[in-house]
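J.: The file below is entry.txt, compact mmCIF, C-alpha atoms:
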# COMPACT_ATOMS: atom_id res chain seq x y z
CA MET A 214 21.53 -9.24 13.64
CA ALA A 215 20.99 -9.35 9.90
CA ASP A 216 23.19 -11.54 7.72
CA ILE A 217 23.04 -9.02 4.91
CA ALA A 218 21.85 -5.48 5.60
CA LEU A 219 19.01 -4.67 3.23
CA LYS A 220 17.61 -1.28 2.23
CA PHE A 221 13.95 -0.72 2.98
CA ALA A 222 11.58 1.95 1.71
CA VAL A 223 8.26 2.23 3.53
CA VAL A 224 5.07 3.81 2.19
CA VAL A 225 2.50 4.99 4.73
CA SER A 226 -1.02 5.47 3.39
CA CYS A 227 -2.75 5.75 6.75
CA ALA A 228 -3.41 8.66 9.12
CA PRO A 229 -1.59 8.68 12.49
CA TYR A 230 -4.81 8.40 14.43
CA GLY A 231 -8.16 6.81 13.68
CA ALA A 232 -6.74 3.57 12.28
CA GLN A 233 -3.80 1.39 13.11
CA GLY A 234 -1.83 1.40 9.85
CA ALA A 235 0.57 4.22 10.64
CA SER A 236 1.39 2.69 14.03
CA SER A 237 2.06 -0.67 12.40
CA ALA A 238 4.30 1.07 9.89
CA TYR A 239 6.26 2.76 12.67
CA GLN A 240 6.65 -0.48 14.60
CA PHE A 241 7.81 -2.24 11.44
CA CYS A 242 10.39 0.49 10.86
CA THR A 243 11.85 0.17 14.35
CA SER A 244 12.15 -3.60 13.86
CA VAL A 245 13.85 -3.10 10.49
CA LEU A 246 16.44 -0.88 12.13
CA GLN A 247 16.89 -3.13 15.17
CA ALA A 248 17.62 -6.03 12.82
CA GLY A 249 20.49 -4.04 11.38
CA HIS A 250 18.87 -3.09 8.06
CA GLU A 251 18.70 0.39 6.62
CA ILE A 252 15.69 2.58 5.87
CA VAL A 253 16.33 4.69 2.79
CA GLY A 254 13.21 6.73 3.44
CA VAL A 255 9.56 6.72 4.48
CA PHE A 256 7.07 8.15 1.99
CA PHE A 257 3.73 9.44 3.22
CA TYR A 258 0.86 9.40 0.72
CA GLN A 259 -2.94 9.67 0.80
CA GLU A 260 -4.12 9.95 4.42
CA GLY A 261 -0.55 9.21 5.48
CA VAL A 262 0.38 12.85 4.94
CA LEU A 263 -1.43 13.62 8.20
CA ASN A 264 1.49 12.02 10.05
CA ALA A 265 3.34 15.26 9.31
CA ASN A 266 0.87 17.51 11.11
CA GLN A 267 2.70 19.55 13.73
CA LEU A 268 -0.55 20.40 15.48
CA ILE A 269 -1.35 16.85 16.53
CA SER A 270 -1.88 16.92 20.29
CA PRO A 271 -2.64 13.55 21.82
CA ALA A 272 -3.54 13.07 25.48
CA SER A 273 -0.51 12.84 27.75
CA ASP A 274 -0.95 9.11 28.22
CA GLU A 275 -1.22 8.41 24.50
CA ILE A 276 1.45 8.16 21.83
CA ASN A 277 2.49 11.04 19.62
CA LEU A 278 3.21 9.30 16.34
CA PRO A 279 4.44 12.38 14.42
CA GLU A 280 6.99 12.88 17.19
CA TYR A 281 7.98 9.20 17.09
CA TRP A 282 8.57 9.47 13.33
CA SER A 283 10.64 12.64 13.79
CA GLN A 284 12.88 11.12 16.42
CA LEU A 285 13.40 7.87 14.53
CA SER A 286 14.29 9.65 11.31
CA ILE A 287 16.78 11.92 13.08
CA GLU A 288 18.39 9.08 14.99
CA TYR A 289 18.74 6.84 11.95
CA HIS A 290 19.25 9.52 9.31
CA PHE A 291 16.46 8.77 6.85
CA PRO A 292 14.07 11.25 5.21
CA LEU A 293 10.36 11.57 5.93
CA GLU A 294 8.94 12.55 2.54
CA VAL A 295 5.37 13.78 2.32
CA CYS A 296 3.61 14.02 -1.04
CA VAL A 297 2.98 17.72 -1.63
CA SER A 298 -0.23 17.44 -3.67
CA ALA A 299 -1.82 14.96 -1.26
CA SER A 300 -0.74 17.24 1.60
CA LEU A 301 -2.21 20.45 0.28
CA ARG A 302 -5.57 18.76 -0.31
CA ARG A 303 -5.58 17.60 3.28
CA GLY A 304 -4.36 20.77 4.94
CA ILE A 305 -0.71 19.91 5.54
CA VAL A 306 1.25 22.97 4.49
CA ASN A 307 4.84 24.16 4.88
CA GLN A 308 5.90 27.77 5.22
CA THR A 309 6.74 28.21 1.53
CA GLU A 310 3.42 26.87 0.35
CA ALA A 311 1.55 28.88 2.98
CA GLU A 312 3.14 32.08 1.72
CA GLN A 313 2.49 31.21 -1.92
CA LEU A 314 -1.12 30.35 -1.22
CA ALA A 315 -1.62 33.29 1.17
CA LEU A 316 -2.60 30.98 3.99
CA SER A 317 -2.52 32.32 7.53
CA GLN A 318 -0.56 29.41 8.97
CA HIS A 319 1.60 26.43 8.20
CA ASN A 320 1.82 23.15 10.05
CA LEU A 321 4.39 20.82 8.49
CA LYS A 322 6.34 19.25 11.33
CA PRO A 323 10.10 19.21 10.90
CA PRO A 324 11.93 17.11 9.80
CA PHE A 325 9.12 15.97 7.47
CA VAL A 326 9.57 17.52 4.01
CA LEU A 327 7.08 18.07 1.23
CA SER A 328 8.15 16.24 -1.94
CA GLY A 329 6.86 15.36 -5.35
CA LEU A 330 5.85 11.84 -6.24
CA GLY A 331 9.15 11.61 -8.05
CA GLN A 332 10.74 11.17 -4.64
CA LEU A 333 8.89 7.90 -4.27
CA ALA A 334 10.51 6.81 -7.52
CA GLU A 335 13.90 7.62 -6.01
CA LEU A 336 13.19 5.71 -2.82
CA SER A 337 11.92 2.78 -4.86
CA ALA A 338 15.09 2.79 -6.94
CA ALA A 339 17.31 2.90 -3.86
CA ALA A 340 15.48 0.21 -1.90
CA ASP A 341 15.81 -3.56 -1.98
CA LYS A 342 12.36 -3.90 -0.42
CA LEU A 343 9.31 -1.66 -0.61
CA VAL A 344 6.71 -2.19 2.12
CA GLN A 345 3.36 -0.41 2.29
CA PHE A 346 0.93 0.09 5.17
CA LEU A 347 -2.71 0.89 4.38
CA MET B 318 9.69 -14.38 -7.38
CA SER B 319 7.38 -14.61 -4.38
CA ILE B 320 5.12 -12.13 -2.66
CA LEU B 321 4.41 -11.57 1.03
CA HIS B 322 0.75 -10.62 1.33
CA THR B 323 -0.24 -8.58 4.37
CA LEU B 324 -3.90 -8.20 5.24
CA ASN B 325 -5.39 -5.83 7.78
CA THR B 326 -9.16 -6.20 7.48
CA SER B 327 -11.58 -8.72 8.96
CA PRO B 328 -13.22 -11.24 6.58
CA PHE B 329 -16.47 -10.31 8.27
CA GLN B 330 -15.90 -6.75 7.11
CA THR B 331 -14.52 -6.95 3.54
CA TYR B 332 -13.84 -9.46 0.79
CA ALA B 333 -10.14 -8.66 0.83
CA LEU B 334 -9.12 -12.02 2.32
CA GLN B 335 -11.09 -13.94 -0.29
CA GLN B 336 -9.63 -11.83 -3.08
CA CYS B 337 -6.14 -12.23 -1.66
CA LEU B 338 -6.41 -16.02 -1.49
CA VAL B 339 -7.47 -16.12 -5.15
CA LEU B 340 -4.31 -14.29 -6.19
CA MET B 341 -1.76 -15.99 -3.92
CA GLY B 342 0.97 -17.86 -5.77
CA GLU B 343 2.32 -21.21 -4.59
CA GLN B 344 5.40 -19.67 -2.96
CA ASP B 345 3.54 -16.67 -1.56
CA GLU B 346 2.85 -16.33 2.15
CA LEU B 347 0.22 -14.45 4.12
CA LEU B 348 0.75 -12.33 7.22
CA LEU B 349 -2.39 -11.22 9.03
CA ILE B 350 -2.02 -7.90 10.83
CA GLU B 351 -4.27 -5.45 12.71
CA ASP B 352 -7.97 -6.34 12.31
CA GLY B 353 -6.94 -9.07 9.86
CA VAL B 354 -5.77 -11.33 12.70
CA VAL B 355 -9.38 -12.28 13.44
CA ALA B 356 -9.33 -14.42 10.28
CA ALA B 357 -7.06 -16.86 12.13
CA GLN B 358 -9.44 -17.11 15.03
CA ALA B 359 -13.07 -17.14 13.92
CA LYS B 360 -15.05 -19.47 11.66
CA HIS B 361 -15.60 -17.46 8.49
CA PRO B 362 -16.22 -18.85 4.97
CA MET B 363 -12.50 -18.96 4.14
CA PHE B 364 -11.36 -20.57 7.38
CA GLU B 365 -10.82 -23.97 5.76
CA GLN B 366 -8.66 -22.44 3.04
CA LEU B 367 -6.65 -20.63 5.69
CA THR B 368 -6.25 -23.87 7.64
CA LEU B 369 -4.72 -25.46 4.55
CA LEU B 370 -2.37 -22.51 4.22
CA ALA B 371 -1.42 -22.88 7.89
CA GLU B 372 -0.73 -26.61 7.40
CA GLN B 373 1.64 -25.66 4.58
CA GLY B 374 3.41 -23.29 6.96
CA ARG B 375 2.42 -20.26 4.86
CA LEU B 376 0.14 -18.44 7.30
CA PHE B 377 1.48 -16.01 9.89
CA VAL B 378 -0.31 -13.85 12.41
CA LEU B 379 1.16 -10.77 14.07
CA ALA B 380 1.30 -11.54 17.79
CA PRO B 381 0.99 -8.00 19.19
CA ASP B 382 -2.27 -7.63 17.27
CA LEU B 383 -3.60 -10.94 18.64
CA GLU B 384 -2.74 -9.93 22.17
CA ALA B 385 -4.30 -6.52 21.72
CA ARG B 386 -7.59 -8.15 20.78
CA GLY B 387 -7.48 -10.91 23.38
CA PHE B 388 -7.27 -13.77 20.86
CA THR B 389 -5.53 -16.90 22.02
CA ASN B 390 -6.65 -19.90 20.01
CA ILE B 391 -5.56 -19.43 16.42
CA ILE B 392 -4.36 -21.23 13.31
CA GLY B 393 -1.09 -20.20 11.71
CA GLN B 394 2.19 -19.19 13.31
CA GLN B 395 2.39 -16.28 15.70
CA TYR B 396 4.98 -13.83 14.49
CA SER B 397 6.61 -10.80 16.06
CA TYR B 398 7.56 -7.62 14.17
CA HIS B 399 11.09 -8.99 14.10
CA ASP B 400 9.76 -12.09 12.32
CA PHE B 401 7.80 -9.79 9.98
CA VAL B 402 11.06 -8.14 8.94
CA GLN B 403 12.60 -11.59 8.41
CA LEU B 404 9.65 -12.57 6.21
CA MET B 405 10.29 -9.54 4.04
CA THR B 406 13.87 -10.62 3.49
CA LYS B 407 12.54 -13.94 2.13
CA HIS B 408 10.13 -12.47 -0.43
CA GLN B 409 10.82 -10.18 -3.34
CA SER B 410 7.80 -7.96 -2.85
CA GLN B 411 4.90 -7.23 -0.53
CA MET B 412 1.24 -6.73 -1.42
CA ALA B 413 -0.86 -4.84 1.10
CA TRP B 414 -4.55 -5.83 1.35
CA MET C 833 21.47 -0.42 -11.69
CA ILE C 834 18.68 -2.30 -13.45
CA GLU C 835 15.41 -0.47 -13.22
CA LYS C 836 12.90 -1.85 -10.71
CA LYS C 837 9.68 -3.31 -12.09
CA ILE C 838 6.88 -1.68 -10.14
CA GLY C 839 3.32 -2.98 -10.08
CA ILE C 840 0.55 -0.55 -9.15
CA ILE C 841 -2.57 -2.40 -8.11
CA ASN C 842 -5.99 -0.77 -8.25
CA ARG C 843 -8.78 -2.63 -6.51
CA THR C 844 -11.12 0.14 -5.36
CA GLN C 845 -14.02 1.90 -7.02
CA PRO C 846 -13.55 5.45 -8.24
CA HIS C 847 -15.02 8.41 -6.29
CA GLY C 848 -16.06 6.67 -3.05
CA SER C 849 -12.46 7.24 -2.02
CA ALA C 850 -9.60 9.14 -3.61
CA LYS C 851 -7.58 5.96 -4.08
CA GLY C 852 -8.23 5.70 -7.81
CA ARG C 853 -7.33 9.32 -8.46
CA GLU C 854 -4.24 9.29 -6.28
CA SER C 855 -3.09 5.99 -7.75
CA LEU C 856 -3.29 7.47 -11.24
CA ASP C 857 -1.44 10.62 -10.15
CA LEU C 858 1.29 8.44 -8.71
CA THR C 859 1.48 6.33 -11.87
CA LEU C 860 1.79 9.32 -14.17
CA ALA C 861 4.39 10.98 -11.94
CA MET C 862 6.47 7.84 -11.56
CA SER C 863 6.38 7.12 -15.28
CA ALA C 864 8.71 10.07 -15.75
CA PHE C 865 11.34 8.24 -13.71
CA ASN C 866 10.61 4.58 -14.34
CA GLU C 867 9.78 2.91 -17.65
CA SER C 868 8.98 -0.46 -16.08
CA LEU C 869 5.63 0.28 -14.52
CA SER C 870 2.71 -2.14 -14.72
CA LEU C 871 -0.84 -1.18 -13.82
CA PHE C 872 -3.27 -3.75 -12.52
CA PHE C 873 -7.03 -3.33 -12.25
CA ILE C 874 -8.64 -6.05 -10.16
CA ASN C 875 -11.89 -6.47 -8.21
CA ASP C 876 -13.71 -3.13 -7.90
CA GLY C 877 -10.74 -1.37 -9.47
CA VAL C 878 -12.06 -2.33 -12.90
CA TYR C 879 -14.84 0.22 -12.45
CA GLN C 880 -12.26 2.99 -12.73
CA LEU C 881 -11.92 2.12 -16.42
CA LEU C 882 -15.61 1.79 -17.21
CA ASP C 883 -16.27 4.45 -19.80
CA GLY C 884 -18.79 7.18 -19.02
CA HIS C 885 -17.94 8.53 -15.58
CA ASN C 886 -19.82 11.70 -14.77
CA PRO C 887 -19.25 12.81 -11.18
CA LYS C 888 -20.49 16.35 -11.75
CA GLN C 889 -23.28 15.99 -9.23
CA THR C 890 -21.12 14.47 -6.51
CA LEU C 891 -18.42 17.08 -5.76
CA GLN C 892 -15.74 14.48 -6.65
CA LYS C 893 -12.95 15.06 -9.16
CA HIS C 894 -13.55 13.85 -12.68
CA PHE C 895 -10.18 12.17 -13.04
CA GLN C 896 -11.10 9.56 -15.63
CA PRO C 897 -9.88 11.64 -18.62
CA LEU C 898 -6.37 11.44 -17.11
CA PHE C 899 -6.27 7.75 -18.01
CA LYS C 900 -5.70 8.92 -21.60
CA MET C 901 -2.34 10.31 -20.47
CA LEU C 902 -1.04 6.81 -19.81
CA GLU C 903 -0.55 6.24 -23.54
CA LEU C 904 1.18 9.61 -23.89
CA TYR C 905 3.53 8.73 -21.05
CA ASP C 906 4.26 5.30 -22.56
CA VAL C 907 2.65 3.34 -19.73
CA GLU C 908 1.59 0.34 -21.76
CA ASN C 909 1.48 -2.54 -19.32
CA ILE C 910 -2.13 -2.17 -18.25
CA TYR C 911 -3.66 -5.39 -17.02
CA VAL C 912 -7.30 -5.97 -16.22
CA CYS C 913 -8.67 -9.04 -14.46
CA LYS C 914 -11.07 -10.91 -16.77
CA GLN C 915 -12.86 -12.53 -13.87
CA SER C 916 -13.43 -9.19 -12.13
CA LEU C 917 -15.03 -7.83 -15.30
CA MET C 918 -17.22 -10.89 -15.71
CA LEU C 919 -18.45 -10.83 -12.12
CA ARG C 920 -19.45 -7.21 -12.65
CA ALA C 921 -21.01 -7.84 -16.09
CA ILE C 922 -18.65 -5.35 -17.73
CA ASP C 923 -17.97 -5.89 -21.39
CA PRO C 924 -14.31 -5.15 -22.21
CA SER C 925 -15.47 -2.99 -25.11
CA ASN C 926 -16.90 -0.59 -22.51
CA LEU C 927 -13.48 0.18 -21.08
CA LEU C 928 -12.08 3.64 -21.68
CA ILE C 929 -8.58 2.66 -22.81
CA ASP C 930 -6.78 -0.25 -24.45
CA VAL C 931 -5.84 -2.87 -21.90
CA THR C 932 -4.58 -6.43 -21.70
CA LEU C 933 -7.07 -8.84 -20.22
CA LEU C 934 -5.61 -11.49 -17.93
CA ASP C 935 -7.08 -14.53 -16.26
CA VAL C 936 -6.19 -15.33 -12.66
CA LEU C 937 -3.18 -17.49 -13.48
CA GLN C 938 -1.75 -14.87 -15.83
CA LEU C 939 -2.36 -12.19 -13.20
CA LYS C 940 -0.53 -14.18 -10.57
CA ASN C 941 2.45 -14.59 -12.85
CA LYS C 942 2.55 -10.92 -13.80
CA LEU C 943 2.33 -9.84 -10.15
CA ALA C 944 5.08 -12.29 -9.19
CA SER C 945 7.41 -10.80 -11.79
CA GLN C 946 7.30 -7.33 -10.22
CA ASP C 947 10.09 -6.17 -7.91
CA GLN C 948 7.83 -3.90 -5.88
CA LEU C 949 4.08 -3.48 -5.45
CA LEU C 950 1.81 -0.65 -4.36
CA SER C 951 -1.90 -1.12 -3.63
CA PHE C 952 -4.77 1.30 -3.88
Transcribe the structure of this file into structure tokens.
T.:
Amino acid sequence: MADIALKFAVVVSCAPYGAQGASSAYQFCTSVLQAGHEIVGVFFYQEGVLNANQLISPASDEINLPEYWSQLSIEYHFPLEVCVSASLRRGIVNQTEAEQLALSQHNLKPPFVLSGLGQLAELSAAADKLVQFL
Amino acid sequence: MSILHTLNTSPFQTYALQQCLVLMGEQDELLLIEDGVVAAQAKHPMFEQLTLLAEQGRLFVLAPDLEARGFTNIIGQQYSYHDFVQLMTKHQSQMAW
Amino acid sequence: MIEKKIGIINRTQPHGSAKGRESLDLTLAMSAFNESLSLFFINDGVYQLLDGHNPKQTLQKHFQPLFKMLELYDVENIYVCKQSLMLRAIDPSNLLIDVTLLDVLQLKNKLASQDQLLSF
């Protein structure tokens, strides 16, 4: 157990599949929580926004990282913030944006939320430690 | 204040390790993760520098990534994710390479 | 609460990836909330500041003009690695904006004085 509980903010810059970064980030987060620290939020930027894709459908014997993120965030009550501009460029869209842009579908997986980069500033301000995974 | 450097690419693949070593401060430490763990195992141009770092107790290698790749004989200390979290409590900031 | 000093490190060329563009977007957005940002350009990142980008024929975003916004947004701590420029035969006078040139030791010290770091 931790001597002092610290607040961590994690930035994920890597897609959930195709490279290992997002998996490493997730594993780091679970260890942070197991050690008794707090996660103030996870911010997804660049290719990391793809972690919020509801349509990700891995084989049954492979991990579903978006689902892992969802469950962890719900269990430990921290937000999964996804940069809105990086998301739109990469085809991650929520219902509001889909309607505004007249897109036929949306695919943002709850409880991920689209946020501005200002949210990263908030997480940074709230956290003792900021850790990034490329 | 000190920095924990994490590195996830192979020195056979990019210059990131070399560039990281140039910028490491005296209190900084290096954690090799993902493909970066190979730097603790194979003879690349910076292996001697890394050995020095290991002798100073400033080189760590993420064990799950070693095991995943079948590496056994390495320099530096094998660390778990739990140890990784501990490392972060020691340093003010982290720099991802 | 004392404001966190955040260092944003750019070490990638422009256009081959979106890292440069998205790093700059992040910097400009965060500058509205944090007045203690420092920008670092090291290794290939120095190419982002080389004046004269023209990506018209590559389908990539011409984001270099946005660097001029840094001054408008009061982001003044812009550090460029002298050694990285030298290795790439870039004369500092060919950089698009005013920057502070640092040698390796100065860079190390500046990086160590940040509370948090982000890399692109």
J.: So the first atom is CA of Leu369 (chain B) and the second is CA of Arg920 (chain C); what is the distance between them in Å, to one decimal place?
T.: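 CA of Arg920 (chain C) lies at a distance of 29.1 Å from CA of Leu369 (chain B).
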J.: For Ala850 (chain C), please output as a compact mmCIF listing (two decimals) with C-alpha atoms, in the frame of the given file all residues within 12 Å (counting all atoms listed in the file; exclusion window: fewer than 2 positions along the same chain).
T.:
# COMPACT_ATOMS: atom_id res chain seq x y z
CA SER A 226 -1.02 5.47 3.39
CA TYR A 258 0.86 9.40 0.72
CA GLN A 259 -2.94 9.67 0.80
CA GLU A 260 -4.12 9.95 4.42
CA ALA A 299 -1.82 14.96 -1.26
CA ARG A 302 -5.57 18.76 -0.31
CA ARG A 303 -5.58 17.60 3.28
CA ASN C 842 -5.99 -0.77 -8.25
CA THR C 844 -11.12 0.14 -5.36
CA GLN C 845 -14.02 1.90 -7.02
CA PRO C 846 -13.55 5.45 -8.24
CA HIS C 847 -15.02 8.41 -6.29
CA GLY C 848 -16.06 6.67 -3.05
CA GLY C 852 -8.23 5.70 -7.81
CA ARG C 853 -7.33 9.32 -8.46
CA GLU C 854 -4.24 9.29 -6.28
CA SER C 855 -3.09 5.99 -7.75
CA LEU C 856 -3.29 7.47 -11.24
CA ASP C 857 -1.44 10.62 -10.15
CA GLN C 880 -12.26 2.99 -12.73
CA GLN C 892 -15.74 14.48 -6.65
CA LYS C 893 -12.95 15.06 -9.16
CA HIS C 894 -13.55 13.85 -12.68
CA PHE C 895 -10.18 12.17 -13.04
CA PHE C 952 -4.77 1.30 -3.88
J.: Could you work out how far CA of Glu346 (chain B) lies from CA of Ile320 (chain B), giving the answer in Å with one decimal?
T.: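 Computed distance, CA of Ile320 (chain B) to CA of Glu346 (chain B), equals 6.8 Å.
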J.: Give as a PDB file with C-alpha atoms, keeping the file's coordinate frame every residue, naming chains and numbers as the document does, that has an atom within 12 Å of (-4.8, 4.3, 11.4), counting all atoms listed in the file.
T.:
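Output (out-v2.pdb):
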ATOM      1  CA  VAL A 225       2.500   4.990   4.730  1.00  0.00           C
ATOM      2  CA  SER A 226      -1.020   5.470   3.390  1.00  0.00           C
ATOM      3  CA  CYS A 227      -2.750   5.750   6.750  1.00  0.00           C
ATOM      4  CA  ALA A 228      -3.410   8.660   9.120  1.00  0.00           C
ATOM      5  CA  PRO A 229      -1.590   8.680  12.490  1.00  0.00           C
ATOM      6  CA  TYR A 230      -4.810   8.400  14.430  1.00  0.00           C
ATOM      7  CA  GLY A 231      -8.160   6.810  13.680  1.00  0.00           C
ATOM      8  CA  ALA A 232      -6.740   3.570  12.280  1.00  0.00           C
ATOM      9  CA  GLN A 233      -3.800   1.390  13.110  1.00  0.00           C
ATOM     10  CA  GLY A 234      -1.830   1.400   9.850  1.00  0.00           C
ATOM     11  CA  ALA A 235       0.570   4.220  10.640  1.00  0.00           C
ATOM     12  CA  SER A 236       1.390   2.690  14.030  1.00  0.00           C
ATOM     13  CA  SER A 237       2.060  -0.670  12.400  1.00  0.00           C
ATOM     14  CA  ALA A 238       4.300   1.070   9.890  1.00  0.00           C
ATOM     15  CA  TYR A 239       6.260   2.760  12.670  1.00  0.00           C
ATOM     16  CA  GLU A 260      -4.120   9.950   4.420  1.00  0.00           C
ATOM     17  CA  GLY A 261      -0.550   9.210   5.480  1.00  0.00           C
ATOM     18  CA  VAL A 262       0.380  12.850   4.940  1.00  0.00           C
ATOM     19  CA  LEU A 263      -1.430  13.620   8.200  1.00  0.00           C
ATOM     20  CA  ASN A 264       1.490  12.020  10.050  1.00  0.00           C
ATOM     21  CA  LEU A 278       3.210   9.300  16.340  1.00  0.00           C
ATOM     22  CA  PHE A 346       0.930   0.090   5.170  1.00  0.00           C
ATOM     23  CA  LEU A 347      -2.710   0.890   4.380  1.00  0.00           C
TER      24      LEU A 347
ATOM     25  CA  ASN B 325      -5.390  -5.830   7.780  1.00  0.00           C
ATOM     26  CA  GLU B 351      -4.270  -5.450  12.710  1.00  0.00           C
ATOM     27  CA  ASP B 352      -7.970  -6.340  12.310  1.00  0.00           C
TER      28      ASP B 352
END
J.: Kindly give the distance, in Å, that separates CA of Leu347 (chain B) and CA of Val402 (chain B), rounded to a single decimal.
T.: 13.4 Å
J.: Please determine the contact residues of chain C with respect to chain B at a cut-off of 12 Å, counting all atoms listed in the file, and supply them as a ChimeraX atom specification.
T.: /C:836-844,874-876,913,915-916,935-952
J.: Might you pull out every residue within 10 Å of Asp923 (chain C), with all atoms listed in the file counted and same-chain residues fewer than 4 positions away left off, and present them as a ChimeraX atom specification?
T.: /C:882,914,917-918,927
J.: Considering all atoms listed in the file, can you say which of A:Ser298, A:Ser286, A:Ser273, A:Asn307 comes closest to Val253 (chain A)?
T.: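 Residue with the minimum atom-to-atom distance to Val253 (chain A): A:Ser286.
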J.: Measuring atom to atom with all atoms listed in the file, identify which of B:Tyr398, B:Val354, B:Met405, B:Glu365 is nearest to Glu384 (chain B).
T.: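 Of all the options, B:Val354 lies closest to Glu384 (chain B).
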J.: Give me the residues within 12 Å of Val378 (chain B) as a ChimeraX atom specification, counting all atoms listed in the file and dropping any in the same chain fewer than 5 places off.
T.: /B:322-325,346-358,367,371,383-384,388-398,400-401,404
J.: Using only C-alpha atoms, determine which residues of chain A fall within 7 Å of chain B; present them as a PyMOL selection string.
T.: chain A and resi 233+241+244-245+342-347
J.: If you keep C-alpha atoms, can you produce a file of those selected residues as a compact mmCIF listing (two decimals), keeping the file's coordinate frame?
T.:
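Once written, result-v2.txt looks like this:
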# COMPACT_ATOMS: atom_id res chain seq x y z
CA GLN A 233 -3.80 1.39 13.11
CA PHE A 241 7.81 -2.24 11.44
CA SER A 244 12.15 -3.60 13.86
CA VAL A 245 13.85 -3.10 10.49
CA LYS A 342 12.36 -3.90 -0.42
CA LEU A 343 9.31 -1.66 -0.61
CA VAL A 344 6.71 -2.19 2.12
CA GLN A 345 3.36 -0.41 2.29
CA PHE A 346 0.93 0.09 5.17
CA LEU A 347 -2.71 0.89 4.38
J.: Pull out region 347-370 of chain B, keep C-alpha atoms, and write it as a compact mmCIF listing (two decimals), in the first residue's frame.
T.:
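This went into selection_7.txt:
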# COMPACT_ATOMS: atom_id res chain seq x y z
CA LEU B 347 15.76 5.13 -17.24
CA LEU B 348 13.01 2.54 -17.52
CA LEU B 349 13.00 0.46 -20.69
CA ILE B 350 9.55 -0.70 -21.74
CA GLU B 351 7.96 -2.49 -24.73
CA ASP B 352 10.42 -2.81 -27.63
CA GLY B 353 12.90 -0.70 -25.66
CA VAL B 354 13.77 -3.66 -23.40
CA VAL B 355 16.00 -5.09 -26.13
CA ALA B 356 18.52 -2.35 -25.33
CA ALA B 357 19.30 -4.19 -22.09
CA GLN B 358 19.92 -7.42 -23.89
CA ALA B 359 21.75 -6.91 -27.19
CA LYS B 360 25.12 -5.38 -28.04
CA HIS B 361 24.27 -2.06 -29.65
CA PRO B 362 26.51 1.05 -29.81
CA MET B 363 25.17 2.42 -26.51
CA PHE B 364 25.41 -0.82 -24.55
CA GLU B 365 28.51 0.30 -22.64
CA GLN B 366 26.82 3.53 -21.59
CA LEU B 367 23.80 1.55 -20.44
CA THR B 368 26.05 -0.81 -18.49
CA LEU B 369 27.45 2.18 -16.62
CA LEU B 370 23.92 3.35 -15.89
